[in-house]
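K.L.:
Take this structure, written in structure tokens, and hold onto it; I'll ask about it next.
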Amino acid sequence: LVLGVATVVTTSVIGIAVAFLIIRFEFPYRNLFSYLTMLPMILPPLVGVLGFVFILGRAGTVNVLLMDWFGMLHPVNFMYGTHGVLLVETLHLFPFMTLSILDSLSKVDPSLEEAAQVMGANGWRRFRDVTLPLTTPGYVSGALLVFIWTFADFVTPLVVGVQDLLAVQAYLNITQFVDRRIFRMGIVISALLVVLAIVFVLVARHYVAIKDYSSLAYSRVERRQLGPVARWLAVGFLVLLLFASLLPQAGVVLAAVGKGWSLTALPDHYTLDHFRQVSVETPRFIVNSLLYSGLAVLICLVIGVPMAWIMARTRTPGRGAMDALTTLILAIPGTAIGIAYIRAFHFPLPGIDVALTSMWIILPLVLAVRRLPYTVRSSYSSLLLVHKSMEEAAENVGAGKLITFRDITAPLVWKGILVGAIFSFIMSIQEASATLFLTLGGWEMIPFGIFTYYIAGSHSQAAALGVILIVLCAASLYVVNRVAGARVGGLFG
């Protein structure tokens with residue numbers, strides 16, 4: 001809980017500052033920064049923590065340079081401990097907060113801030129008393145997502161040697177095969193994770209519902225020009241933030257192409273052999289990742305788009321519960337979902353006498369369940385922007401609902417559906433917390449390969465897989481950015 005709260009605080013400070021700069025001010029390379037600041041969010045957390053170890057670990061680049069330049073006898077512990085987890089989670093998750101705040105800031109009526117300025121509230125006071133409270137729904141959504149992500153992550157703490165966390169204990173207890181009592185304790189811890197996640201979601205929704213935010217509607221934002229000094233201070237802040245956030249990815253690239261990187265600041269030699277090994281000798285990691293994530297996206301589209309249409313266009317009883325369920329799925333830790341599938345589907349299915357946990361199709365199903373909310377929320381948000389009168393006009397001239405959706409609605413909302421589908425793909429292909437429990441021989445995805453290579457001491461091979469995963473995720477994010485720009489905050493709440 002303490003780690004989750006600390007991460008929310010650090011990501012809030014960074015995320016709000018970045019969002020406010022990007023949406024309210026004009027400065028050099030603003031559009032480029034709006035894309036680059038999203039990169040840490042989709043760069044796989046497992047790859048990120050490995051990169052931090054390569055750069056800031058006891059034998060990493062920074063410690064080697066410190067000992068060479070300043071004659072230090074012992075390395076500085078930058079990474080191993082709770083502070084290392086906080087560093088990794090903060091630099092990985094602040095874009096979630098940024099996106100949520102961006103979405104809310106884009107809906108704030110400028111006349112409210114102008115009225116506050118007329119009444120004498122300038123600068124910080126106007127931001128504190130008017131702007132920030134109006135972003136409460138987006139902020140709470142982002143804070144909840146950051147908190148739950150940190151709360152449920154077990155891979156990052158394991159890599160940096162932290163075990164006294166609930167998610168880590170659940171993983172360690174479940175994966176030992178000696179004592180059934182310890183296994184059951186892992187189940188109990190997973191159930192506790194789910195209960196706490198549900199409580200956090202309910203408290204957050206209740207808090208947002210206390211006040212009325214009905215004045216929030218998308219509005220045109222006039223960006224202000226910064227002065228010469230402030231302009232370059234903003235650029236300097238964003239460059240420094242991006243340097244810190246993307247530094248581990250540089251470490252992963254160096255480890256992937258380097259040879260003889262031991263107690264030296266940089267590798268002694270460079271080679272592409274590690275990419276050949278992982279792509280030729282173990283291609284199943286890449287093939288499985290693309291196949292399972294692609295199938296998961298297909299399932300998300302088949303289920304998610306009709307769900308979004310029901311929520312936005314019908315008065316079907318239970319649509320409110322459907323909306324709450326899609327939000328709740330985001331909050332349930334992947335650790336708990338993976339364990340729940342093990343417990344629920346290890347029995348033989350009727351008619352085929354084979355357990356679902358013994359069939360590879362369980363992985364696309366788990367990924368689809370985990371990432372369905374992105375498709376639903378994006379499709380739902382797009383449908384709300386299409387006025388019902390356009391569909392009603394088509395139905396009045398004899399078009400059925402299916403034809404109306406195909407010829408009228410779909411051409412207007414396809415961008416939102418595509419954004420949700422690509423986000424589902426991005427988050428599926430890097431999923432580790434739910435799939436590690438369910439993976440059997442021959443089913444391995446890239447995150448599983450990275451984890452097993454690293455645990456086995458094959459750090460360069462793990463890094464090579466990490467680079468491949470980074471390229472896949474970055475290319476997908478580029479498509480999202482081109483299609484939707486910054487207005488993807490609705491995906492998260």
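Identifiers in this document derive from the order of the structure tokens: chains are assigned A, B, ..., residues are numbered from 1 separately in each chain, and ligands are numbered from 1 in order of occurrence.
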Skip Pro45 of chain A itself and residues of its chain fewer than 3 positions away, then list as an NGL selection string all residues within 10 Å of it, counting only C-alpha atoms.
P.N.:
:A and (40-42 or 48-51 or 88-89 or 91-93 or 153 or 155-156 or 430-432 or 447)
K.L.:
Per DSSP on the backbone, what are the strand (DSSP E) residues of segment 140-326 of chain A, as a PyMOL selection string?
P.N.:
chain A and resi 224-225+258-259+269-270
K.L.:
Could the residues in this selection be saved with N, CA and C atoms as a short mmCIF file (atom, residue, chain, number, x, y, z; two decimals), in the first residue's frame?
P.N.:
data_model
loop_
_atom_site.label_atom_id
_atom_site.label_comp_id
_atom_site.auth_asym_id
_atom_site.auth_seq_id
_atom_site.Cartn_x
_atom_site.Cartn_y
_atom_site.Cartn_z
N ARG A 224 -1.07 29.11 -24.96
CA ARG A 224 -0.36 30.37 -24.74
C ARG A 224 1.11 30.22 -25.12
N GLN A 225 1.67 31.30 -25.65
CA GLN A 225 3.09 31.31 -26.00
C GLN A 225 3.92 31.55 -24.74
N GLY A 258 25.75 -5.87 -27.40
CA GLY A 258 27.07 -5.86 -26.80
C GLY A 258 27.60 -7.23 -26.47
N LYS A 259 28.91 -7.31 -26.39
CA LYS A 259 29.60 -8.55 -26.02
C LYS A 259 30.73 -8.18 -25.06
N HIS A 269 32.72 -5.27 -27.30
CA HIS A 269 32.48 -5.56 -28.71
C HIS A 269 30.98 -5.50 -28.98
N TYR A 270 30.64 -5.41 -30.27
CA TYR A 270 29.24 -5.32 -30.66
C TYR A 270 28.94 -6.39 -31.70
#
K.L.:
Identify all residues of segment 185-367 of chain A in helix (DSSP H, G or I) (DSSP on the backbone) and supply them as a PyMOL selection string.
P.N.:
chain A and resi 185-209+228-257+273-281+284-313+319-331+334-344+356-358+362-367
K.L.:
Can you list, as a PyMOL selection string, every protein, DNA or RNA residue that comes within 8 Å of Trp443 of chain A when you count only C-alpha atoms, leaving out same-chain residues fewer than 5 positions away?
P.N.:
chain A and resi 284-285+288+360
K.L.:
Do you know which residues are at most 6 Å from Thr375 of chain A counting only C-alpha atoms, after dropping those on the same chain fewer than 5 positions away, and could you put them as a list of chain:residue names?
P.N.:
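Listed by chain and then number, they are A:Gly304, A:Gly420, A:Ala421.
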K.L.:
Write out as a count of residues only each polymer residue whose atoms come within 9 Å of segment 240-243 of chain A, counting only C-alpha atoms; drop sequence neighbours fewer than 2 positions from it.
P.N.:
13
K.L.:
Check which residues of segment 282-344 of chain A sit at most 12 Å from segment 461-470 of chain A using only C-alpha atoms, and return one row each with the closest pair of atoms and their distance in Å to one decimal, ordered by chain and rising number, as JSON lines.
P.N.:
{"residue": "A:Thr282", "atom": "CA", "partner": "A:Leu465", "partner_atom": "CA", "distance": 10.2}
{"residue": "A:Pro283", "atom": "CA", "partner": "A:Leu465", "partner_atom": "CA", "distance": 10.2}
{"residue": "A:Arg284", "atom": "CA", "partner": "A:Leu465", "partner_atom": "CA", "distance": 11.6}
{"residue": "A:Phe285", "atom": "CA", "partner": "A:Leu465", "partner_atom": "CA", "distance": 8.5}
{"residue": "A:Ile286", "atom": "CA", "partner": "A:Leu465", "partner_atom": "CA", "distance": 8.4}
{"residue": "A:Val287", "atom": "CA", "partner": "A:Ile468", "partner_atom": "CA", "distance": 11.9}
{"residue": "A:Ser289", "atom": "CA", "partner": "A:Leu469", "partner_atom": "CA", "distance": 9.4}
{"residue": "A:Leu290", "atom": "CA", "partner": "A:Leu469", "partner_atom": "CA", "distance": 10.4}
K.L.:
Mind dumping the selected residues with N, CA and C atoms as a PDB file, in the first residue's frame?
P.N.:
ATOM      1  N   THR A 282      14.920 -19.672 -31.195  1.00  0.00           N
ATOM      2  CA  THR A 282      13.678 -19.703 -30.409  1.00  0.00           C
ATOM      3  C   THR A 282      12.635 -18.753 -31.006  1.00  0.00           C
ATOM      4  N   PRO A 283      12.248 -18.979 -32.265  1.00  0.00           N
ATOM      5  CA  PRO A 283      11.285 -18.064 -32.898  1.00  0.00           C
ATOM      6  C   PRO A 283       9.890 -18.145 -32.295  1.00  0.00           C
ATOM      7  N   ARG A 284       9.621 -19.215 -31.512  1.00  0.00           N
ATOM      8  CA  ARG A 284       8.271 -19.377 -30.971  1.00  0.00           C
ATOM      9  C   ARG A 284       7.881 -18.208 -30.068  1.00  0.00           C
ATOM     10  N   PHE A 285       8.857 -17.580 -29.392  1.00  0.00           N
ATOM     11  CA  PHE A 285       8.527 -16.446 -28.535  1.00  0.00           C
ATOM     12  C   PHE A 285       7.845 -15.347 -29.345  1.00  0.00           C
ATOM     13  N   ILE A 286       8.416 -15.046 -30.509  1.00  0.00           N
ATOM     14  CA  ILE A 286       7.889 -13.967 -31.343  1.00  0.00           C
ATOM     15  C   ILE A 286       6.594 -14.391 -32.022  1.00  0.00           C
ATOM     16  N   VAL A 287       6.589 -15.592 -32.588  1.00  0.00           N
ATOM     17  CA  VAL A 287       5.402 -16.086 -33.293  1.00  0.00           C
ATOM     18  C   VAL A 287       4.224 -16.192 -32.337  1.00  0.00           C
ATOM     19  N   SER A 289       3.714 -14.617 -29.521  1.00  0.00           N
ATOM     20  CA  SER A 289       3.273 -13.293 -29.072  1.00  0.00           C
ATOM     21  C   SER A 289       2.359 -12.639 -30.101  1.00  0.00           C
ATOM     22  N   LEU A 290       2.757 -12.684 -31.371  1.00  0.00           N
ATOM     23  CA  LEU A 290       1.937 -12.083 -32.421  1.00  0.00           C
ATOM     24  C   LEU A 290       0.622 -12.830 -32.593  1.00  0.00           C
TER      25      LEU A 290
END
K.L.:
Taking into account only C-alpha atoms, which residue in the set A:Gly161, A:Gly251, A:Gly186, A:Gly318 is nearest to Gly84 of chain A?
P.N.:
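Looking only at the distances to Gly84 of chain A, the closest residue turns out to be A:Gly161.
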K.L.:
Quick one: residues within 8 Å of Asn173 of chain A, only C-alpha atoms, excluding same-chain residues fewer than 3 positions away - as a VMD selection string?
P.N.:
chain A and resid 169 to 170 176 182 to 186
K.L.:
Using N, CA and C atoms, can you export the residues from the last selection as an mmCIF file, in the first residue's frame?
P.N.:
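Below you can see part.cif, which holds the result:
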data_model
loop_
_atom_site.group_PDB
_atom_site.id
_atom_site.type_symbol
_atom_site.label_atom_id
_atom_site.label_comp_id
_atom_site.auth_asym_id
_atom_site.auth_seq_id
_atom_site.Cartn_x
_atom_site.Cartn_y
_atom_site.Cartn_z
ATOM 1 N N GLN A 169 4.578 -12.261 -3.014
ATOM 2 C CA GLN A 169 4.323 -13.425 -2.171
ATOM 3 C C GLN A 169 3.308 -14.366 -2.820
ATOM 4 N N ALA A 170 2.310 -13.796 -3.487
ATOM 5 C CA ALA A 170 1.346 -14.642 -4.199
ATOM 6 C C ALA A 170 2.052 -15.465 -5.265
ATOM 7 N N GLN A 176 5.699 -22.519 -6.059
ATOM 8 C CA GLN A 176 6.394 -23.631 -5.382
ATOM 9 C C GLN A 176 5.472 -24.851 -5.400
ATOM 10 N N ILE A 182 1.234 -23.803 1.522
ATOM 11 C CA ILE A 182 1.816 -22.569 0.990
ATOM 12 C C ILE A 182 1.112 -22.176 -0.306
ATOM 13 N N PHE A 183 0.781 -23.186 -1.135
ATOM 14 C CA PHE A 183 0.045 -22.921 -2.374
ATOM 15 C C PHE A 183 -1.286 -22.247 -2.055
ATOM 16 N N ARG A 184 -1.997 -22.786 -1.051
ATOM 17 C CA ARG A 184 -3.290 -22.201 -0.679
ATOM 18 C C ARG A 184 -3.113 -20.782 -0.147
ATOM 19 N N MET A 185 -2.016 -20.534 0.540
ATOM 20 C CA MET A 185 -1.756 -19.173 1.014
ATOM 21 C C MET A 185 -1.600 -18.218 -0.166
ATOM 22 N N GLY A 186 -0.999 -18.690 -1.257
ATOM 23 C CA GLY A 186 -0.911 -17.873 -2.460
ATOM 24 C C GLY A 186 -2.284 -17.546 -3.015
#
K.L.:
Would you please work out which residue, of A:Ala230, A:Leu383, A:Ala250, A:Ala6, is nearest to Pro306 of chain A when using only C-alpha atoms?
P.N.:
A:Leu383
